[in-house]
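Text of the file target.cif, holding mmCIF, C-alpha atoms:
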```cif
data_target
#
loop_
_atom_site.label_atom_id
_atom_site.label_comp_id
_atom_site.auth_asym_id
_atom_site.auth_seq_id
_atom_site.Cartn_x
_atom_site.Cartn_y
_atom_site.Cartn_z
CA MET A 8 -14.10 -7.07 6.49
CA LYS A 9 -14.98 -9.77 3.95
CA ALA A 10 -17.92 -11.94 4.94
CA LEU A 11 -18.91 -15.30 3.48
CA ILE A 12 -22.64 -16.04 3.75
CA THR A 13 -23.71 -19.61 3.10
CA GLY A 14 -27.32 -19.71 1.93
CA GLY A 15 -26.93 -16.04 1.11
CA ALA A 16 -29.55 -16.00 -1.65
CA GLY A 17 -32.16 -17.09 0.84
CA PHE A 18 -34.59 -14.93 2.75
CA ILE A 19 -32.42 -14.06 5.76
CA GLY A 20 -29.11 -14.31 3.89
CA SER A 21 -30.06 -11.76 1.26
CA HIS A 22 -31.09 -9.22 3.92
CA LEU A 23 -27.81 -9.84 5.75
CA ALA A 24 -25.84 -9.34 2.52
CA GLU A 25 -27.60 -6.02 1.94
CA ARG A 26 -26.79 -4.78 5.43
CA LEU A 27 -23.12 -5.77 5.28
CA LEU A 28 -22.65 -4.18 1.84
CA ALA A 29 -24.40 -1.00 3.00
CA ARG A 30 -21.86 -0.54 5.78
CA GLY A 31 -18.90 -1.10 3.46
CA ASP A 32 -18.04 -4.79 3.88
CA ASP A 33 -17.17 -7.14 1.04
CA VAL A 34 -19.66 -9.99 0.75
CA CYS A 35 -19.42 -13.39 -0.90
CA VAL A 36 -22.57 -15.47 -1.11
CA ILE A 37 -22.72 -19.19 -1.83
CA ASP A 38 -26.11 -20.77 -2.49
CA ASP A 39 -27.25 -23.78 -4.52
CA LEU A 40 -30.66 -22.08 -5.07
CA SER A 41 -32.53 -25.15 -3.80
CA THR A 42 -34.57 -22.92 -1.48
CA GLY A 43 -32.88 -19.56 -2.07
CA LYS A 44 -33.72 -17.49 -5.15
CA LEU A 45 -31.47 -15.61 -7.55
CA GLU A 46 -33.92 -12.71 -7.60
CA ASN A 47 -33.25 -12.14 -3.88
CA VAL A 48 -29.73 -10.92 -4.71
CA THR A 49 -30.08 -9.72 -8.31
CA HIS A 50 -30.10 -6.09 -7.15
CA LEU A 51 -26.73 -6.64 -5.44
CA ARG A 52 -24.82 -8.11 -8.38
CA ASP A 53 -23.67 -4.77 -9.80
CA ASN A 54 -21.94 -3.92 -6.53
CA PRO A 55 -18.18 -4.48 -6.99
CA ARG A 56 -17.94 -5.68 -3.38
CA PHE A 57 -20.48 -8.48 -3.98
CA GLN A 58 -19.65 -11.95 -5.23
CA LEU A 59 -22.03 -14.86 -5.88
CA ALA A 60 -21.18 -18.54 -6.22
CA VAL A 61 -24.06 -20.78 -7.32
CA GLU A 62 -22.85 -24.01 -5.77
CA THR A 63 -23.51 -26.40 -2.90
CA ILE A 64 -21.54 -25.94 0.30
CA LEU A 65 -20.76 -29.66 0.06
CA ASN A 66 -18.35 -28.84 -2.79
CA GLU A 67 -15.24 -28.68 -0.62
CA THR A 68 -12.99 -27.42 -3.43
CA VAL A 69 -15.12 -24.31 -3.92
CA MET A 70 -15.70 -23.84 -0.20
CA ASP A 71 -11.98 -24.11 0.55
CA ARG A 72 -11.24 -21.18 -1.73
CA LEU A 73 -14.13 -19.06 -0.41
CA VAL A 74 -13.29 -19.69 3.25
CA SER A 75 -9.60 -18.97 2.65
CA GLU A 76 -10.52 -15.59 1.13
CA CYS A 77 -12.99 -14.43 3.80
CA ASP A 78 -12.59 -13.03 7.32
CA VAL A 79 -15.81 -14.34 8.89
CA ILE A 80 -18.51 -16.89 7.98
CA TYR A 81 -22.25 -16.50 8.49
CA HIS A 82 -23.50 -20.07 8.08
CA LEU A 83 -27.20 -19.87 7.15
CA ALA A 84 -27.43 -22.65 4.54
CA ALA A 85 -29.89 -25.33 5.71
CA ALA A 86 -32.99 -27.24 4.80
CA VAL A 87 -35.91 -25.02 5.84
CA GLY A 88 -39.64 -25.39 6.43
CA VAL A 89 -41.71 -28.17 7.97
CA GLU A 90 -43.05 -29.24 4.57
CA LEU A 91 -39.58 -29.88 3.15
CA ILE A 92 -38.50 -31.63 6.35
CA VAL A 93 -41.43 -34.07 6.19
CA LYS A 94 -41.16 -34.75 2.45
CA SER A 95 -37.37 -34.91 2.16
CA PRO A 96 -35.88 -36.15 5.46
CA VAL A 97 -32.68 -37.47 3.82
CA GLU A 98 -32.00 -34.10 2.19
CA THR A 99 -32.75 -32.34 5.49
CA ILE A 100 -30.32 -34.42 7.53
CA GLU A 101 -27.53 -34.50 4.95
CA ARG A 102 -27.68 -30.83 4.03
CA ASN A 103 -27.72 -29.68 7.64
CA VAL A 104 -25.17 -32.02 9.19
CA LEU A 105 -22.75 -32.58 6.30
CA GLY A 106 -22.91 -28.93 5.22
CA THR A 107 -22.15 -27.64 8.70
CA HIS A 108 -19.33 -30.16 9.08
CA THR A 109 -17.75 -28.90 5.85
CA VAL A 110 -17.99 -25.28 7.02
CA LEU A 111 -16.50 -26.03 10.44
CA ARG A 112 -13.68 -28.17 9.08
CA LEU A 113 -12.61 -25.38 6.74
CA ALA A 114 -13.07 -22.72 9.42
CA ALA A 115 -10.64 -24.74 11.54
CA ARG A 116 -8.17 -24.91 8.64
CA TYR A 117 -8.14 -21.14 8.13
CA LEU A 118 -9.07 -20.03 11.67
CA ARG A 119 -12.23 -18.16 10.71
CA ARG A 120 -14.96 -17.10 13.13
CA VAL A 121 -18.31 -18.74 12.34
CA LEU A 122 -21.84 -17.70 13.28
CA ILE A 123 -24.20 -20.65 12.91
CA ALA A 124 -27.94 -20.16 12.49
CA SER A 125 -29.78 -22.79 14.51
CA THR A 126 -33.45 -23.01 15.38
CA SER A 127 -35.99 -23.01 18.19
CA GLU A 128 -36.94 -26.48 16.92
CA VAL A 129 -34.07 -27.89 19.01
CA TYR A 130 -36.25 -27.44 22.13
CA GLY A 131 -38.72 -29.97 20.73
CA LYS A 132 -41.88 -30.59 22.74
CA SER A 133 -40.61 -28.99 25.93
CA GLU A 134 -43.24 -27.06 27.85
CA SER A 135 -40.72 -25.15 29.98
CA VAL A 136 -41.69 -21.75 28.61
CA PRO A 137 -40.05 -19.37 27.96
CA PHE A 138 -37.22 -21.51 26.57
CA ARG A 139 -33.77 -20.82 27.97
CA GLU A 140 -30.58 -21.80 26.19
CA GLU A 141 -29.61 -24.34 28.89
CA ASP A 142 -33.03 -26.02 29.07
CA ASP A 143 -33.42 -29.75 28.46
CA ARG A 144 -34.70 -30.85 25.06
CA VAL A 145 -37.86 -32.99 24.74
CA LEU A 146 -38.26 -34.82 21.44
CA GLY A 147 -40.55 -37.34 19.79
CA PRO A 148 -39.44 -40.76 18.51
CA THR A 149 -37.10 -41.33 15.55
CA THR A 150 -40.03 -42.92 13.71
CA LYS A 151 -41.50 -39.41 13.34
CA SER A 152 -39.49 -37.71 10.56
CA ARG A 153 -40.70 -34.35 11.87
CA TRP A 154 -38.02 -34.50 14.58
CA SER A 155 -35.14 -35.10 12.15
CA TYR A 156 -34.77 -31.35 11.62
CA SER A 157 -34.50 -30.66 15.34
CA CYS A 158 -31.92 -33.42 15.74
CA SER A 159 -29.88 -32.37 12.69
CA LYS A 160 -29.66 -28.78 13.93
CA ALA A 161 -28.76 -30.01 17.42
CA ILE A 162 -25.91 -31.99 15.84
CA ASP A 163 -24.84 -28.75 14.11
CA GLU A 164 -24.69 -27.09 17.52
CA PHE A 165 -22.79 -30.00 19.08
CA LEU A 166 -20.30 -29.88 16.20
CA ALA A 167 -19.83 -26.12 16.49
CA LEU A 168 -19.23 -26.28 20.24
CA ALA A 169 -16.92 -29.27 19.84
CA TYR A 170 -14.84 -27.49 17.19
CA HIS A 171 -14.57 -24.53 19.54
CA LYS A 172 -13.56 -26.64 22.52
CA GLU A 173 -11.22 -29.06 20.77
CA LYS A 174 -9.80 -27.10 17.84
CA GLY A 175 -10.13 -23.49 18.97
CA VAL A 176 -12.57 -22.43 16.23
CA GLU A 177 -14.45 -19.29 17.22
CA THR A 178 -18.06 -20.42 16.89
CA ILE A 179 -21.26 -18.63 17.90
CA ILE A 180 -24.75 -20.13 17.73
CA MET A 181 -28.02 -18.24 17.39
CA ARG A 182 -31.32 -20.08 17.75
CA LEU A 183 -33.93 -18.34 15.62
CA PHE A 184 -37.62 -18.17 16.52
CA ASN A 185 -39.79 -17.77 13.39
CA THR A 186 -38.03 -15.06 11.40
CA VAL A 187 -40.37 -13.29 8.96
CA GLY A 188 -40.38 -10.39 6.50
CA PRO A 189 -40.30 -9.48 2.79
CA ARG A 190 -38.90 -12.15 0.43
CA GLN A 191 -39.93 -15.04 2.66
CA THR A 192 -41.91 -17.59 0.69
CA GLY A 193 -44.81 -19.72 1.87
CA ARG A 194 -43.58 -22.50 -0.40
CA TYR A 195 -42.21 -24.65 2.42
CA GLY A 196 -44.96 -24.13 4.96
CA MET A 197 -43.94 -20.73 6.41
CA VAL A 198 -47.14 -19.64 8.08
CA ILE A 199 -47.25 -15.83 7.67
CA PRO A 200 -46.49 -15.63 3.92
CA ARG A 201 -48.87 -18.52 3.29
CA LEU A 202 -51.75 -16.92 5.19
CA VAL A 203 -51.09 -13.44 3.74
CA LYS A 204 -51.10 -14.77 0.18
CA GLN A 205 -54.29 -16.76 0.80
CA ALA A 206 -55.99 -13.68 2.29
CA LEU A 207 -54.96 -11.42 -0.60
CA ASP A 208 -56.05 -14.01 -3.17
CA GLY A 209 -59.43 -14.49 -1.47
CA ARG A 210 -58.75 -18.18 -0.94
CA PRO A 211 -59.52 -20.11 2.26
CA MET A 212 -56.96 -19.34 4.99
CA THR A 213 -55.70 -22.71 6.15
CA VAL A 214 -54.84 -23.08 9.84
CA TYR A 215 -53.23 -26.40 10.76
CA GLY A 216 -54.28 -28.46 13.77
CA ASP A 217 -56.64 -26.72 16.17
CA GLY A 218 -55.00 -23.33 15.66
CA GLN A 219 -54.22 -22.92 19.37
CA GLN A 220 -50.48 -23.57 19.02
CA VAL A 221 -48.56 -20.45 20.09
CA ARG A 222 -45.64 -18.93 18.18
CA CYS A 223 -43.71 -15.68 18.26
CA PHE A 224 -42.46 -13.87 15.16
CA THR A 225 -39.29 -11.83 14.64
CA TYR A 226 -38.70 -9.31 11.87
CA VAL A 227 -35.75 -10.14 9.64
CA ASP A 228 -34.03 -6.78 10.25
CA ASP A 229 -33.91 -7.51 13.99
CA VAL A 230 -32.35 -10.91 13.29
CA VAL A 231 -29.74 -9.40 10.95
CA THR A 232 -28.82 -6.78 13.57
CA ALA A 233 -28.39 -9.51 16.19
CA ALA A 234 -26.30 -11.68 13.86
CA ILE A 235 -23.85 -8.86 13.12
CA LYS A 236 -23.57 -7.84 16.77
CA LEU A 237 -22.95 -11.42 17.88
CA MET A 238 -20.28 -11.86 15.19
CA GLU A 239 -18.51 -8.73 16.45
CA THR A 240 -18.66 -9.66 20.16
CA PRO A 241 -15.66 -11.74 21.27
CA LYS A 242 -17.41 -12.74 24.53
CA ALA A 243 -20.16 -14.39 22.45
CA VAL A 244 -17.73 -17.01 21.13
CA GLY A 245 -18.54 -20.52 22.33
CA GLU A 246 -22.05 -19.51 23.40
CA VAL A 247 -25.65 -20.17 22.30
CA PHE A 248 -28.23 -17.38 22.06
CA ASN A 249 -31.99 -17.27 21.54
CA ILE A 250 -32.92 -14.63 18.97
CA GLY A 251 -36.62 -13.95 18.63
CA ASN A 252 -39.56 -12.01 20.06
CA GLY A 253 -40.90 -12.72 23.52
CA SER A 254 -44.56 -12.07 22.61
CA GLY A 255 -46.52 -15.13 21.53
CA ILE A 256 -49.78 -15.45 19.58
CA SER A 257 -51.94 -18.43 18.64
CA ILE A 258 -52.00 -19.28 14.94
CA MET A 259 -55.78 -18.84 14.87
CA ASP A 260 -55.46 -15.32 16.29
CA LEU A 261 -52.64 -14.65 13.83
CA ALA A 262 -54.88 -15.66 10.93
CA GLY A 263 -57.64 -13.40 12.25
CA LYS A 264 -55.23 -10.46 12.47
CA ILE A 265 -54.04 -11.03 8.90
CA LYS A 266 -57.62 -11.25 7.68
CA GLN A 267 -58.44 -7.95 9.38
CA LEU A 268 -55.33 -6.11 8.10
CA THR A 269 -55.84 -7.26 4.51
CA GLY A 270 -59.59 -6.61 4.54
CA SER A 271 -60.00 -10.13 3.19
CA LYS A 272 -63.30 -11.98 3.02
CA SER A 273 -61.52 -15.35 3.06
CA GLU A 274 -62.92 -18.02 5.35
CA MET A 275 -60.61 -19.63 7.89
CA VAL A 276 -60.41 -23.40 7.62
CA LEU A 277 -58.87 -25.84 10.09
CA VAL A 278 -56.75 -28.50 8.38
CA PRO A 279 -55.69 -31.60 10.36
CA TYR A 280 -51.94 -32.09 10.63
CA GLU A 281 -52.15 -35.49 8.95
CA LYS A 282 -53.69 -33.86 5.88
CA ALA A 283 -51.25 -30.92 5.83
CA TYR A 284 -48.11 -32.98 6.43
CA GLU A 285 -48.26 -36.71 7.23
CA GLN A 286 -50.04 -39.28 9.38
CA GLY A 287 -49.03 -39.02 13.03
CA PHE A 288 -47.40 -35.58 12.66
CA GLU A 289 -46.47 -34.02 16.01
CA ASP A 290 -46.11 -30.32 16.76
CA MET A 291 -45.12 -28.05 19.64
CA ARG A 292 -47.95 -26.35 21.50
CA ILE A 293 -45.96 -23.28 22.44
CA ARG A 294 -42.62 -21.85 21.37
CA VAL A 295 -41.51 -18.61 23.07
CA PRO A 296 -37.91 -17.64 23.95
CA ASP A 297 -36.21 -16.22 27.01
CA LEU A 298 -34.13 -13.40 25.49
CA SER A 299 -32.26 -12.30 28.60
CA LYS A 300 -28.92 -13.83 27.57
CA ALA A 301 -28.84 -12.02 24.21
CA LYS A 302 -30.00 -8.81 25.85
CA LYS A 303 -27.19 -8.98 28.39
CA MET A 304 -24.53 -9.85 25.79
CA ILE A 305 -25.42 -7.50 22.90
CA GLY A 306 -28.32 -5.39 24.18
CA TYR A 307 -30.71 -7.34 21.94
CA GLU A 308 -34.32 -6.19 21.88
CA PRO A 309 -36.61 -6.72 18.89
CA LYS A 310 -37.73 -3.36 17.49
CA ILE A 311 -40.53 -4.37 15.11
CA GLU A 312 -43.68 -5.81 16.67
CA LEU A 313 -46.15 -8.18 15.08
CA GLU A 314 -48.68 -5.74 13.60
CA GLU A 315 -45.93 -3.76 11.85
CA ILE A 316 -44.36 -7.02 10.65
CA LEU A 317 -47.66 -8.09 9.13
CA GLN A 318 -48.20 -4.68 7.49
CA ARG A 319 -44.77 -4.86 5.86
CA VAL A 320 -45.28 -8.41 4.62
CA ILE A 321 -48.74 -7.54 3.26
CA THR A 322 -47.32 -4.49 1.46
CA HIS A 323 -44.53 -6.63 -0.01
CA PHE A 324 -46.98 -9.22 -1.37
CA ARG A 325 -49.30 -6.57 -2.77
CA THR A 326 -46.40 -4.79 -4.51
CA HIS A 327 -45.00 -8.04 -5.81
CA ARG A 328 -48.35 -9.13 -7.18
CA GLU A 329 -48.93 -5.75 -8.87
CA ALA A 330 -45.45 -5.93 -10.42
CA GLU A 331 -46.37 -9.27 -12.01
#
```
Target encoding C-alpha cells, full file:
Amino acid sequence: MKALITGGAGFIGSHLAERLLARGDDVCVIDDLSTGKLENVTHLRDNPRFQLAVETILNETVMDRLVSECDVIYHLAAAVGVELIVKSPVETIERNVLGTHTVLRLAARYLRRVLIASTSEVYGKSESVPFREEDDRVLGPTTKSRWSYSCSKAIDEFLALAYHKEKGVETIIMRLFNTVGPRQTGRYGMVIPRLVKQALDGRPMTVYGDGQQVRCFTYVDDVVTAAIKLMETPKAVGEVFNIGNGSGISIMDLAGKIKQLTGSKSEMVLVPYEKAYEQGFEDMRIRVPDLSKAKKMIGYEPKIELEEILQRVITHFRTHREAE
C-alpha cells in the first residue's frame, strides 16, 4: 500500500507516517511547513519507502502526480489552533476549504479512498453532551471570526460527503477531539503543551476564561490507530466518526494536574479571552464525544488515559529541553 499524507510533517501526520512505514507501507508526505516542522520527519528521510514533498496542497500540478501514484489519501493538512484561526481567518478558510476541494477533485479523478480529518469544533456551542455525529450544530454569528474554523471544516465534510454521493469517491470523516502527545507545539494555542512548557519553565500557567470549560484529550497513538482502521474498513465509507476520549476535565483542573506532575511552583493565572485572543471571543463550555459509533464500526477505545498522556508529554518536553 502507498499512502499519501497531506500535512504529514505535522504533529499527527508524522506519527501516522511512522506507523505506516513500520508496518511496511510506502509513504509520501506533502507539507508546506506552515505549521508542520521538517524535524518531525527528519528521522524518516533515510527510509527508502518514505518520500517528502515540501509544497502546498493547492499546487494542483504536484498534487495530481502524488495522488495518481498513491493508493489511499490521509488528508490532515489544515489550519490548526485557535490562535491562528483568530489572527488569520482568510488563511484558515482558504487553506481548509480550497485544500480539501483540491484533494477531493483529484481523488475523484483517480478513484482514491480519502480519510479526512475534521474536528469537534463543528459542533459549535451545542450543549447536547456527549456529542453524537448526527447532532445539530449550534454556532455563533459570522461577525465572530472564531467560528470560521468550525464552518470551514463543516464545508470540508459537506464536500467529502457530496463527492461520495455524487461522484462515487470513497470518503471517510473522523472528527478529532483534542489530540495530544509528543511533537505537538503550544505555538498556536494548544493547551497541554503550553501549560506543560510554562510549568517546566517556572512561568505563570495561563488559564483562559474562568477555567471551567471542559475538554477531553486523546493520545496521538490512539488517533493514528483509529485512522488506519477506518481507512481499512469498507463499511466506514460515506460515514462520519467521533474520535476522542469520553472523559472530560476542566482546564483549571488540567492545569492543577500538570503543576502537580511537574512539581512546578508556577502560579496559575486566569487570562480573559479578550486578552488571550480578541474582543468578544466566544468558546464552548463543554466538548465531550459519544464514541459508540466508532466503537461499533472498528472497536475503537482509547488506550491511553489523561495522566499517562501528561507524563509522556512532560517527558518529551524535558528531553527536548535537555537536548537543546
Do you have, as a tab-separated table, the list of residues of stretch 143-223 of chain A lying at most 12 Å from stretch 300-306 of chain A, each with its nearest atom pair and that distance in Å to one decimal, counting all atoms listed in the file and ordered by chain then number?
```
residue	atom	partner	partner_atom	distance
A:Ile179	CA	A:Ala301	CA	11.9
A:Ile180	CA	A:Ala301	CA	11.2
A:Met181	CA	A:Ala301	CA	9.3
A:Arg182	CA	A:Ala301	CA	10.6
A:Leu183	CA	A:Ala301	CA	11.8
```
Box for stretch 317-325 of chain A: with edges along x, y and z, all listed atoms inside and 4 Å added on each side, what are the centre and edge lengths in Å to one decimal, as AutoDock Vina command-line options?
```
--center_x -46.9 --center_y -6.9 --center_z 3.2 --size_x 12.8 --size_y 12.7 --size_z 19.9
```
*Rounded to one decimal in Å, what is the spacing between atom CA of A:Ser152 and atom CA of A:Pro96?*
6.4 Å
Scan for residues within 10 Å of the point (-39.4, -16.2, 4.9) in the coordinates of the file, using all atoms listed in the file, and reply as a PDB file with C-alpha atoms, keeping the file's coordinate frame.
```pdb
ATOM      1  CA  GLY A  17     -32.160 -17.090   0.840  1.00  0.00           C
ATOM      2  CA  PHE A  18     -34.590 -14.930   2.750  1.00  0.00           C
ATOM      3  CA  ILE A  19     -32.420 -14.060   5.760  1.00  0.00           C
ATOM      4  CA  VAL A  87     -35.910 -25.020   5.840  1.00  0.00           C
ATOM      5  CA  GLY A  88     -39.640 -25.390   6.430  1.00  0.00           C
ATOM      6  CA  ASN A 185     -39.790 -17.770  13.390  1.00  0.00           C
ATOM      7  CA  THR A 186     -38.030 -15.060  11.400  1.00  0.00           C
ATOM      8  CA  VAL A 187     -40.370 -13.290   8.960  1.00  0.00           C
ATOM      9  CA  GLY A 188     -40.380 -10.390   6.500  1.00  0.00           C
ATOM     10  CA  PRO A 189     -40.300  -9.480   2.790  1.00  0.00           C
ATOM     11  CA  ARG A 190     -38.900 -12.150   0.430  1.00  0.00           C
ATOM     12  CA  GLN A 191     -39.930 -15.040   2.660  1.00  0.00           C
ATOM     13  CA  THR A 192     -41.910 -17.590   0.690  1.00  0.00           C
ATOM     14  CA  GLY A 193     -44.810 -19.720   1.870  1.00  0.00           C
ATOM     15  CA  ARG A 194     -43.580 -22.500  -0.400  1.00  0.00           C
ATOM     16  CA  TYR A 195     -42.210 -24.650   2.420  1.00  0.00           C
ATOM     17  CA  GLY A 196     -44.960 -24.130   4.960  1.00  0.00           C
ATOM     18  CA  MET A 197     -43.940 -20.730   6.410  1.00  0.00           C
ATOM     19  CA  VAL A 198     -47.140 -19.640   8.080  1.00  0.00           C
ATOM     20  CA  ILE A 199     -47.250 -15.830   7.670  1.00  0.00           C
ATOM     21  CA  PRO A 200     -46.490 -15.630   3.920  1.00  0.00           C
ATOM     22  CA  ARG A 201     -48.870 -18.520   3.290  1.00  0.00           C
ATOM     23  CA  TYR A 226     -38.700  -9.310  11.870  1.00  0.00           C
ATOM     24  CA  VAL A 227     -35.750 -10.140   9.640  1.00  0.00           C
ATOM     25  CA  VAL A 320     -45.280  -8.410   4.620  1.00  0.00           C
TER      26      VAL A 320
END
```
_9 Å contact set for A:His108, all atoms listed in the file, chain neighbours under 4 positions out, as a list in words_ = Asn103, Val104, Arg112, Leu113, Asp163, Leu166 and Ala167 of chain A
Evaluate the PyMOL selection byres ((chain A and resi 98) around 12) and record the selected residues as a short mmCIF file (atom, residue, chain, number, x, y, z; two decimals) with C-alpha atoms, in the coordinates of the input, following the chain and residue labels used in the document.
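Output saved as part.cif:
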```cif
data_model
loop_
_atom_site.label_atom_id
_atom_site.label_comp_id
_atom_site.auth_asym_id
_atom_site.auth_seq_id
_atom_site.Cartn_x
_atom_site.Cartn_y
_atom_site.Cartn_z
CA SER A 41 -32.53 -25.15 -3.80
CA ALA A 85 -29.89 -25.33 5.71
CA ALA A 86 -32.99 -27.24 4.80
CA VAL A 87 -35.91 -25.02 5.84
CA LEU A 91 -39.58 -29.88 3.15
CA ILE A 92 -38.50 -31.63 6.35
CA VAL A 93 -41.43 -34.07 6.19
CA LYS A 94 -41.16 -34.75 2.45
CA SER A 95 -37.37 -34.91 2.16
CA PRO A 96 -35.88 -36.15 5.46
CA VAL A 97 -32.68 -37.47 3.82
CA THR A 99 -32.75 -32.34 5.49
CA ILE A 100 -30.32 -34.42 7.53
CA GLU A 101 -27.53 -34.50 4.95
CA ARG A 102 -27.68 -30.83 4.03
CA ASN A 103 -27.72 -29.68 7.64
CA VAL A 104 -25.17 -32.02 9.19
CA LEU A 105 -22.75 -32.58 6.30
CA GLY A 106 -22.91 -28.93 5.22
CA SER A 152 -39.49 -37.71 10.56
CA SER A 155 -35.14 -35.10 12.15
CA TYR A 156 -34.77 -31.35 11.62
CA SER A 159 -29.88 -32.37 12.69
#
```
_One number please: atom CA of A:Thr213 to atom CA of A:Val278, in Å, one decimal._
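So the answer is 6.3 Å.
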Using all atoms listed in the file, find each residue of stretch 139-246 of chain A with at least one atom at most 8 Å away from an atom of stretch 288-291 of chain A; report its shortest atom-to-atom pair and that distance in Å (one decimal), sort the rows by chain and rising residue number, and return the result as a tab-separated table.
```
residue	atom	partner	partner_atom	distance
A:Gly147	CA	A:Glu289	CA	7.8
A:Lys151	CA	A:Phe288	CA	7.1
A:Arg153	CA	A:Phe288	CA	6.9
A:Gln220	CA	A:Met291	CA	7.0
```
*Which residue of A:Tyr117, A:Tyr284, A:Tyr130, A:Tyr307 approaches A:Val231 most closely, using only C-alpha atoms*: A:Tyr307
*Show me as a PyMOL selection string the residues that reach within 7 Å of (-33.1, -28.0, 13.0), counting only C-alpha atoms and using the file's own coordinates.*
chain A and resi 125-126+128-129+156-161
_For a test of reading the model, state the distance in Å between atom CA of A:Asp39 and atom CA of A:Leu111, rounded to one decimal._
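We find that atom CA of A:Asp39 and atom CA of A:Leu111 lie 18.6 Å from each other.
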_Among the residues A:Ile250, A:Leu317, A:Met238, A:Val136, the one that comes closest to A:Val295 [using all atoms listed in the file]_ =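 Of the candidates, the smallest distance to A:Val295 is held by A:Val136.
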*asked:* Here is a test: counting all atoms listed in the file, which residue of A:Leu146, A:Val36, A:Val221, A:Ala206 is nearest to A:Ile12?
replied: A:Val36
*asked:* Measuring between all atoms listed in the file, which one of A:Leu73, A:Leu207, A:Ala124, A:Ile235 shows the shortest distance to A:Asp32?
replied: A:Ile235
*Give the answer as one residue: which of A:Tyr215, A:Trp154, A:Phe165, A:Tyr81 has the shortest atom-to-atom distance to A:Val247, using only C-alpha atoms?*
A:Phe165
*Can you work out which one of A:Asp78, A:Glu239, A:Asp217, A:Glu25 has the shortest atom-to-atom distance to A:Pro279, counting only C-alpha atoms?*
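Checking each candidate against A:Pro279, we get A:Asp217 as the closest.
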*Would you translate the PyMOL selection byres ((chain A and resi 259) around 8) into the concrete set of residues it matches in this file, as a list of chain:residue names?*
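Applied to this file, the PyMOL selection byres ((chain A and resi 259) around 8) returns A:Val214, A:Gly218, A:Gln219, A:Ser257, A:Ile258, A:Asp260, A:Leu261, A:Ala262, A:Gly263.
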*asked:* So that I can see what lies close to A:Cys223, please list as a PyMOL selection string the residues with an atom at most 9 Å from it, counting only C-alpha atoms and leaving out residues fewer than 2 positions away in the same chain.
replied: chain A and resi 184-186+221+225+251-257+293-296+313
Store the residues picked out above, limited to C-alpha atoms, as a PDB file, in the frame of the given file.
```pdb
ATOM      1  CA  PHE A 184     -37.620 -18.170  16.520  1.00  0.00           C
ATOM      2  CA  ASN A 185     -39.790 -17.770  13.390  1.00  0.00           C
ATOM      3  CA  THR A 186     -38.030 -15.060  11.400  1.00  0.00           C
ATOM      4  CA  VAL A 221     -48.560 -20.450  20.090  1.00  0.00           C
ATOM      5  CA  THR A 225     -39.290 -11.830  14.640  1.00  0.00           C
ATOM      6  CA  GLY A 251     -36.620 -13.950  18.630  1.00  0.00           C
ATOM      7  CA  ASN A 252     -39.560 -12.010  20.060  1.00  0.00           C
ATOM      8  CA  GLY A 253     -40.900 -12.720  23.520  1.00  0.00           C
ATOM      9  CA  SER A 254     -44.560 -12.070  22.610  1.00  0.00           C
ATOM     10  CA  GLY A 255     -46.520 -15.130  21.530  1.00  0.00           C
ATOM     11  CA  ILE A 256     -49.780 -15.450  19.580  1.00  0.00           C
ATOM     12  CA  SER A 257     -51.940 -18.430  18.640  1.00  0.00           C
ATOM     13  CA  ILE A 293     -45.960 -23.280  22.440  1.00  0.00           C
ATOM     14  CA  ARG A 294     -42.620 -21.850  21.370  1.00  0.00           C
ATOM     15  CA  VAL A 295     -41.510 -18.610  23.070  1.00  0.00           C
ATOM     16  CA  PRO A 296     -37.910 -17.640  23.950  1.00  0.00           C
ATOM     17  CA  LEU A 313     -46.150  -8.180  15.080  1.00  0.00           C
TER      18      LEU A 313
END
```
*Apply the PyMOL selection byres ((chain A and resi 310) around 9) to the structure shown and report the selected residues as a ChimeraX atom specification.*
/A:226,228-229,308-309,311-312
At the level of N, CA and C atoms, write stretch 200-210 of chain A to a file as a PDB file, in the first residue's frame, please.
```pdb
ATOM      1  N   PRO A 200       0.534  21.392  25.666  1.00  0.00           N
ATOM      2  CA  PRO A 200       1.942  21.767  25.522  1.00  0.00           C
ATOM      3  C   PRO A 200       2.249  23.155  26.071  1.00  0.00           C
ATOM      4  N   ARG A 201       1.306  24.069  25.961  1.00  0.00           N
ATOM      5  CA  ARG A 201       1.529  25.415  26.500  1.00  0.00           C
ATOM      6  C   ARG A 201       1.661  25.370  28.019  1.00  0.00           C
ATOM      7  N   LEU A 202       0.738  24.694  28.688  1.00  0.00           N
ATOM      8  CA  LEU A 202       0.776  24.633  30.145  1.00  0.00           C
ATOM      9  C   LEU A 202       1.983  23.838  30.649  1.00  0.00           C
ATOM     10  N   VAL A 203       2.328  22.745  29.969  1.00  0.00           N
ATOM     11  CA  VAL A 203       3.487  21.946  30.379  1.00  0.00           C
ATOM     12  C   VAL A 203       4.760  22.775  30.274  1.00  0.00           C
ATOM     13  N   LYS A 204       4.919  23.486  29.174  1.00  0.00           N
ATOM     14  CA  LYS A 204       6.132  24.294  28.994  1.00  0.00           C
ATOM     15  C   LYS A 204       6.206  25.405  30.042  1.00  0.00           C
ATOM     16  N   GLN A 205       5.087  26.045  30.319  1.00  0.00           N
ATOM     17  CA  GLN A 205       5.060  27.092  31.338  1.00  0.00           C
ATOM     18  C   GLN A 205       5.439  26.519  32.703  1.00  0.00           C
ATOM     19  N   ALA A 206       4.903  25.348  33.030  1.00  0.00           N
ATOM     20  CA  ALA A 206       5.185  24.719  34.327  1.00  0.00           C
ATOM     21  C   ALA A 206       6.665  24.363  34.450  1.00  0.00           C
ATOM     22  N   LEU A 207       7.232  23.788  33.390  1.00  0.00           N
ATOM     23  CA  LEU A 207       8.638  23.388  33.431  1.00  0.00           C
ATOM     24  C   LEU A 207       9.570  24.593  33.470  1.00  0.00           C
ATOM     25  N   ASP A 208       9.132  25.688  32.857  1.00  0.00           N
ATOM     26  CA  ASP A 208       9.968  26.899  32.838  1.00  0.00           C
ATOM     27  C   ASP A 208       9.784  27.749  34.089  1.00  0.00           C
ATOM     28  N   GLY A 209       8.820  27.372  34.945  1.00  0.00           N
ATOM     29  CA  GLY A 209       8.572  28.149  36.155  1.00  0.00           C
ATOM     30  C   GLY A 209       7.850  29.452  35.900  1.00  0.00           C
ATOM     31  N   ARG A 210       7.237  29.565  34.737  1.00  0.00           N
ATOM     32  CA  ARG A 210       6.476  30.766  34.402  1.00  0.00           C
ATOM     33  C   ARG A 210       5.021  30.617  34.822  1.00  0.00           C
TER      34      ARG A 210
END
```
